[in-house]
>>> print(open('structure_11.cif').read())   # mmCIF, C-alpha atoms and all ligand atoms
data_data
#
loop_
_atom_site.group_PDB
_atom_site.id
_atom_site.type_symbol
_atom_site.label_atom_id
_atom_site.label_comp_id
_atom_site.auth_asym_id
_atom_site.auth_seq_id
_atom_site.Cartn_x
_atom_site.Cartn_y
_atom_site.Cartn_z
ATOM 1 C CA MET P 92 0.000 0.000 0.000
ATOM 2 C CA THR P 93 1.208 3.459 -0.816
ATOM 3 C CA ASP P 94 0.733 6.943 0.576
ATOM 4 C CA GLU P 95 0.443 8.412 -2.878
ATOM 5 C CA ARG P 96 -2.724 9.512 -4.523
ATOM 6 C CA LEU P 97 -3.513 7.356 -7.511
ATOM 7 C CA GLU P 98 -5.561 9.225 -10.047
ATOM 8 C CA ARG P 99 -8.560 7.383 -11.435
ATOM 9 C CA ASP P 100 -10.945 8.331 -14.204
ATOM 10 C CA PHE P 101 -14.251 9.397 -12.730
ATOM 11 C CA TYR P 102 -15.774 9.539 -16.197
ATOM 12 C CA LEU P 103 -15.368 5.800 -16.679
ATOM 13 C CA ARG P 104 -18.265 5.342 -14.286
ATOM 14 C CA GLU P 105 -21.831 4.943 -15.445
ATOM 15 C CA PRO P 106 -23.547 8.306 -16.046
ATOM 16 C CA ASP P 107 -26.142 7.507 -13.382
ATOM 17 C CA GLU P 108 -23.419 6.719 -10.903
ATOM 18 C CA GLN P 109 -21.507 9.884 -11.757
ATOM 19 C CA GLN P 110 -24.611 11.952 -11.179
ATOM 20 C CA ALA P 111 -25.296 10.267 -7.852
ATOM 21 C CA PHE P 112 -21.795 11.061 -6.605
ATOM 22 C CA LEU P 113 -22.048 14.631 -7.821
ATOM 23 C CA ASP P 114 -25.339 15.076 -5.990
ATOM 24 C CA ASN P 115 -24.472 13.348 -2.720
ATOM 25 C CA THR P 116 -21.985 15.681 -1.102
ATOM 26 C CA TRP P 117 -21.178 17.202 2.226
ATOM 27 C CA CYS P 118 -19.779 20.720 2.324
ATOM 28 C CA ASN P 119 -17.870 21.666 5.468
ATOM 29 C CA GLN P 120 -18.092 25.291 4.526
ATOM 30 C CA CYS P 121 -21.873 25.408 4.080
ATOM 31 C CA GLN P 122 -22.482 22.706 6.696
ATOM 32 C CA GLU P 123 -25.049 21.228 4.361
ATOM 33 C CA MET P 124 -25.357 18.025 2.455
ATOM 34 C CA ASP P 125 -26.298 17.361 -1.156
ATOM 35 C CA LEU P 126 -25.419 20.782 -2.492
ATOM 36 C CA GLY P 127 -23.648 19.135 -5.385
ATOM 37 C CA MET P 128 -20.092 19.428 -6.647
ATOM 38 C CA THR P 129 -18.327 20.521 -9.792
ATOM 39 C CA ASP P 130 -14.958 19.561 -11.297
ATOM 40 C CA PRO P 131 -14.893 16.028 -9.869
ATOM 41 C CA VAL P 132 -11.549 14.238 -9.669
ATOM 42 C CA GLU P 133 -11.451 10.634 -8.568
ATOM 43 C CA PHE P 134 -8.447 9.201 -6.793
ATOM 44 C CA GLU P 135 -7.379 6.328 -4.625
ATOM 45 C CA PHE P 136 -5.531 6.972 -1.400
ATOM 46 C CA LYS P 137 -4.361 4.283 0.990
ATOM 47 C CA GLY P 138 -6.686 1.756 -0.576
ATOM 48 C CA ARG P 139 -9.752 3.938 -0.332
ATOM 49 C CA VAL P 140 -11.432 5.771 -3.174
ATOM 50 C CA PHE P 141 -12.438 9.401 -3.057
ATOM 51 C CA ILE P 142 -13.972 11.982 -5.305
ATOM 52 C CA GLU P 143 -12.827 15.523 -4.817
ATOM 53 C CA GLY P 144 -14.559 18.523 -6.310
ATOM 54 C CA ARG P 145 -15.911 21.937 -5.482
ATOM 55 C CA CYS P 146 -19.116 22.833 -3.723
ATOM 56 C CA GLN P 147 -21.647 24.033 -6.221
ATOM 57 C CA ARG P 148 -22.803 26.735 -3.845
ATOM 58 C CA CYS P 149 -19.645 28.203 -2.318
ATOM 59 C CA GLY P 150 -16.785 26.710 -4.332
ATOM 60 C CA ALA P 151 -15.025 25.197 -1.311
ATOM 61 C CA PRO P 152 -13.313 21.843 -1.837
ATOM 62 C CA VAL P 153 -15.520 18.881 -1.023
ATOM 63 C CA THR P 154 -14.420 15.276 -0.798
ATOM 64 C CA THR P 155 -16.624 12.221 -0.889
ATOM 65 C CA GLU P 156 -15.378 8.792 0.052
ATOM 66 C CA ILE P 157 -16.753 6.102 -2.170
ATOM 67 C CA ALA P 158 -17.898 2.895 -0.597
ATOM 68 C CA GLU P 159 -17.054 0.303 -3.204
ATOM 69 C CA ASP P 160 -19.735 -2.286 -3.807
ATOM 70 C CA ASP P 161 -17.599 -5.206 -2.777
ATOM 71 C CA ASP P 162 -19.009 -8.031 -0.721
ATOM 72 C CA ILE P 163 -18.195 -6.338 2.521
ATOM 73 C CA ASP P 164 -20.995 -6.351 5.032
ATOM 74 C CA GLU P 165 -20.425 -3.937 7.845
HETATM 75 ZN ZN ZN X 201 -20.385 24.911 0.184
#
>>> encode(input="structure_11.cif", output="structure tokens", more="lines below")
Ligand SMILES: [Zn+2]
Amino acid sequence: MTDERLERDFYLREPDEQQAFLDNTWCNQCQEMDLGMTDPVEFEFKGRVFIEGRCQRCGAPVTTEIAEDDDIDE
């Protein structure tokens, strides 16, 4: 495992999935969820996958961790 960010291509995802990730956000600046994000960049960091973008309302950076649909029941 590495400490580096591995860039992934967000746009390889299904359009529906892309839209869902763009809609389901949490903005620390606005303290509100689901404001939406722009300029999404997907990356992997320490084995976890994130999408980073900008809050559609205030432009602050927002990061969403993606829960991969593996067979992990928690
Ligand atoms: Zn915001």
>>> closest_residue(input="structure_11.cif", among="P:Gln122, P:Tyr102, P:Ile142, P:Leu113", to="ligand ZN 201 (chain X)", atoms="only C-alpha atoms and all ligand atoms")
P:Gln122
>>> closest_atom_pairs(input="structure_11.cif", of="chain P", to="ligand ZN 201 (chain X)", cutoff="7 Å", atoms="all atoms listed in the file", output="CSV")
residue,atom,partner,partner_atom,distance
P:Cys118,CA,X:ZN201,ZN,4.7
P:Asn119,CA,X:ZN201,ZN,6.7
P:Gln120,CA,X:ZN201,ZN,4.9
P:Cys121,CA,X:ZN201,ZN,4.2
P:Cys146,CA,X:ZN201,ZN,4.6
P:Gln147,CA,X:ZN201,ZN,6.6
P:Arg148,CA,X:ZN201,ZN,5.0
P:Cys149,CA,X:ZN201,ZN,4.2
P:Gly150,CA,X:ZN201,ZN,6.0
P:Ala151,CA,X:ZN201,ZN,5.6
>>> closest_residue(input="structure_11.cif", among="P:Asp130, P:Phe112, P:Phe141, P:Glu123", to="P:Glu98", atoms="all atoms listed in the file")
P:Phe141
>>> residues_around(input="structure_11.cif", residues="P:Ala111", least_positions_apart="3", cutoff="12 Å", atoms="all atoms listed in the file", output="MDAnalysis selection string")
chainID P and resid 104:108 114:116 125:128 142 155 157
>>> resolve_selection(input="structure_11.cif", expression="the PyMOL selection byres (((chain P and resi 96) around 8) and not hetatm)", output="PDB file with C-alpha atoms, keeping the file's coordinate frame")
ATOM      1  CA  ASP P  94       0.733   6.943   0.576  1.00  0.00           C
ATOM      2  CA  GLU P  95       0.443   8.412  -2.878  1.00  0.00           C
ATOM      3  CA  LEU P  97      -3.513   7.356  -7.511  1.00  0.00           C
ATOM      4  CA  GLU P  98      -5.561   9.225 -10.047  1.00  0.00           C
ATOM      5  CA  PHE P 134      -8.447   9.201  -6.793  1.00  0.00           C
ATOM      6  CA  GLU P 135      -7.379   6.328  -4.625  1.00  0.00           C
ATOM      7  CA  PHE P 136      -5.531   6.972  -1.400  1.00  0.00           C
ATOM      8  CA  LYS P 137      -4.361   4.283   0.990  1.00  0.00           C
TER       9      LYS P 137
END
>>> closest_residue(input="structure_11.cif", among="P:Gln109, P:Met124, P:Pro152, P:Glu159", to="P:Gly138", atoms="all atoms listed in the file")
P:Glu159
>>> decode(input="structure_11.cif", residues="chain P", atoms="C-alpha atoms", output="CSV table (one decimal), in the first residue's frame")
chain,number,residue,atom,x,y,z
P,92,MET,CA,0.0,0.0,0.0
P,93,THR,CA,1.2,3.5,-0.8
P,94,ASP,CA,0.7,6.9,0.6
P,95,GLU,CA,0.4,8.4,-2.9
P,96,ARG,CA,-2.7,9.5,-4.5
P,97,LEU,CA,-3.5,7.4,-7.5
P,98,GLU,CA,-5.6,9.2,-10.0
P,99,ARG,CA,-8.6,7.4,-11.4
P,100,ASP,CA,-10.9,8.3,-14.2
P,101,PHE,CA,-14.3,9.4,-12.7
P,102,TYR,CA,-15.8,9.5,-16.2
P,103,LEU,CA,-15.4,5.8,-16.7
P,104,ARG,CA,-18.3,5.3,-14.3
P,105,GLU,CA,-21.8,4.9,-15.4
P,106,PRO,CA,-23.5,8.3,-16.0
P,107,ASP,CA,-26.1,7.5,-13.4
P,108,GLU,CA,-23.4,6.7,-10.9
P,109,GLN,CA,-21.5,9.9,-11.8
P,110,GLN,CA,-24.6,12.0,-11.2
P,111,ALA,CA,-25.3,10.3,-7.9
P,112,PHE,CA,-21.8,11.1,-6.6
P,113,LEU,CA,-22.0,14.6,-7.8
P,114,ASP,CA,-25.3,15.1,-6.0
P,115,ASN,CA,-24.5,13.3,-2.7
P,116,THR,CA,-22.0,15.7,-1.1
P,117,TRP,CA,-21.2,17.2,2.2
P,118,CYS,CA,-19.8,20.7,2.3
P,119,ASN,CA,-17.9,21.7,5.5
P,120,GLN,CA,-18.1,25.3,4.5
P,121,CYS,CA,-21.9,25.4,4.1
P,122,GLN,CA,-22.5,22.7,6.7
P,123,GLU,CA,-25.0,21.2,4.4
P,124,MET,CA,-25.4,18.0,2.5
P,125,ASP,CA,-26.3,17.4,-1.2
P,126,LEU,CA,-25.4,20.8,-2.5
P,127,GLY,CA,-23.6,19.1,-5.4
P,128,MET,CA,-20.1,19.4,-6.6
P,129,THR,CA,-18.3,20.5,-9.8
P,130,ASP,CA,-15.0,19.6,-11.3
P,131,PRO,CA,-14.9,16.0,-9.9
P,132,VAL,CA,-11.5,14.2,-9.7
P,133,GLU,CA,-11.5,10.6,-8.6
P,134,PHE,CA,-8.4,9.2,-6.8
P,135,GLU,CA,-7.4,6.3,-4.6
P,136,PHE,CA,-5.5,7.0,-1.4
P,137,LYS,CA,-4.4,4.3,1.0
P,138,GLY,CA,-6.7,1.8,-0.6
P,139,ARG,CA,-9.8,3.9,-0.3
P,140,VAL,CA,-11.4,5.8,-3.2
P,141,PHE,CA,-12.4,9.4,-3.1
P,142,ILE,CA,-14.0,12.0,-5.3
P,143,GLU,CA,-12.8,15.5,-4.8
P,144,GLY,CA,-14.6,18.5,-6.3
P,145,ARG,CA,-15.9,21.9,-5.5
P,146,CYS,CA,-19.1,22.8,-3.7
P,147,GLN,CA,-21.6,24.0,-6.2
P,148,ARG,CA,-22.8,26.7,-3.8
P,149,CYS,CA,-19.6,28.2,-2.3
P,150,GLY,CA,-16.8,26.7,-4.3
P,151,ALA,CA,-15.0,25.2,-1.3
P,152,PRO,CA,-13.3,21.8,-1.8
P,153,VAL,CA,-15.5,18.9,-1.0
P,154,THR,CA,-14.4,15.3,-0.8
P,155,THR,CA,-16.6,12.2,-0.9
P,156,GLU,CA,-15.4,8.8,0.1
P,157,ILE,CA,-16.8,6.1,-2.2
P,158,ALA,CA,-17.9,2.9,-0.6
P,159,GLU,CA,-17.1,0.3,-3.2
P,160,ASP,CA,-19.7,-2.3,-3.8
P,161,ASP,CA,-17.6,-5.2,-2.8
P,162,ASP,CA,-19.0,-8.0,-0.7
P,163,ILE,CA,-18.2,-6.3,2.5
P,164,ASP,CA,-21.0,-6.4,5.0
P,165,GLU,CA,-20.4,-3.9,7.8
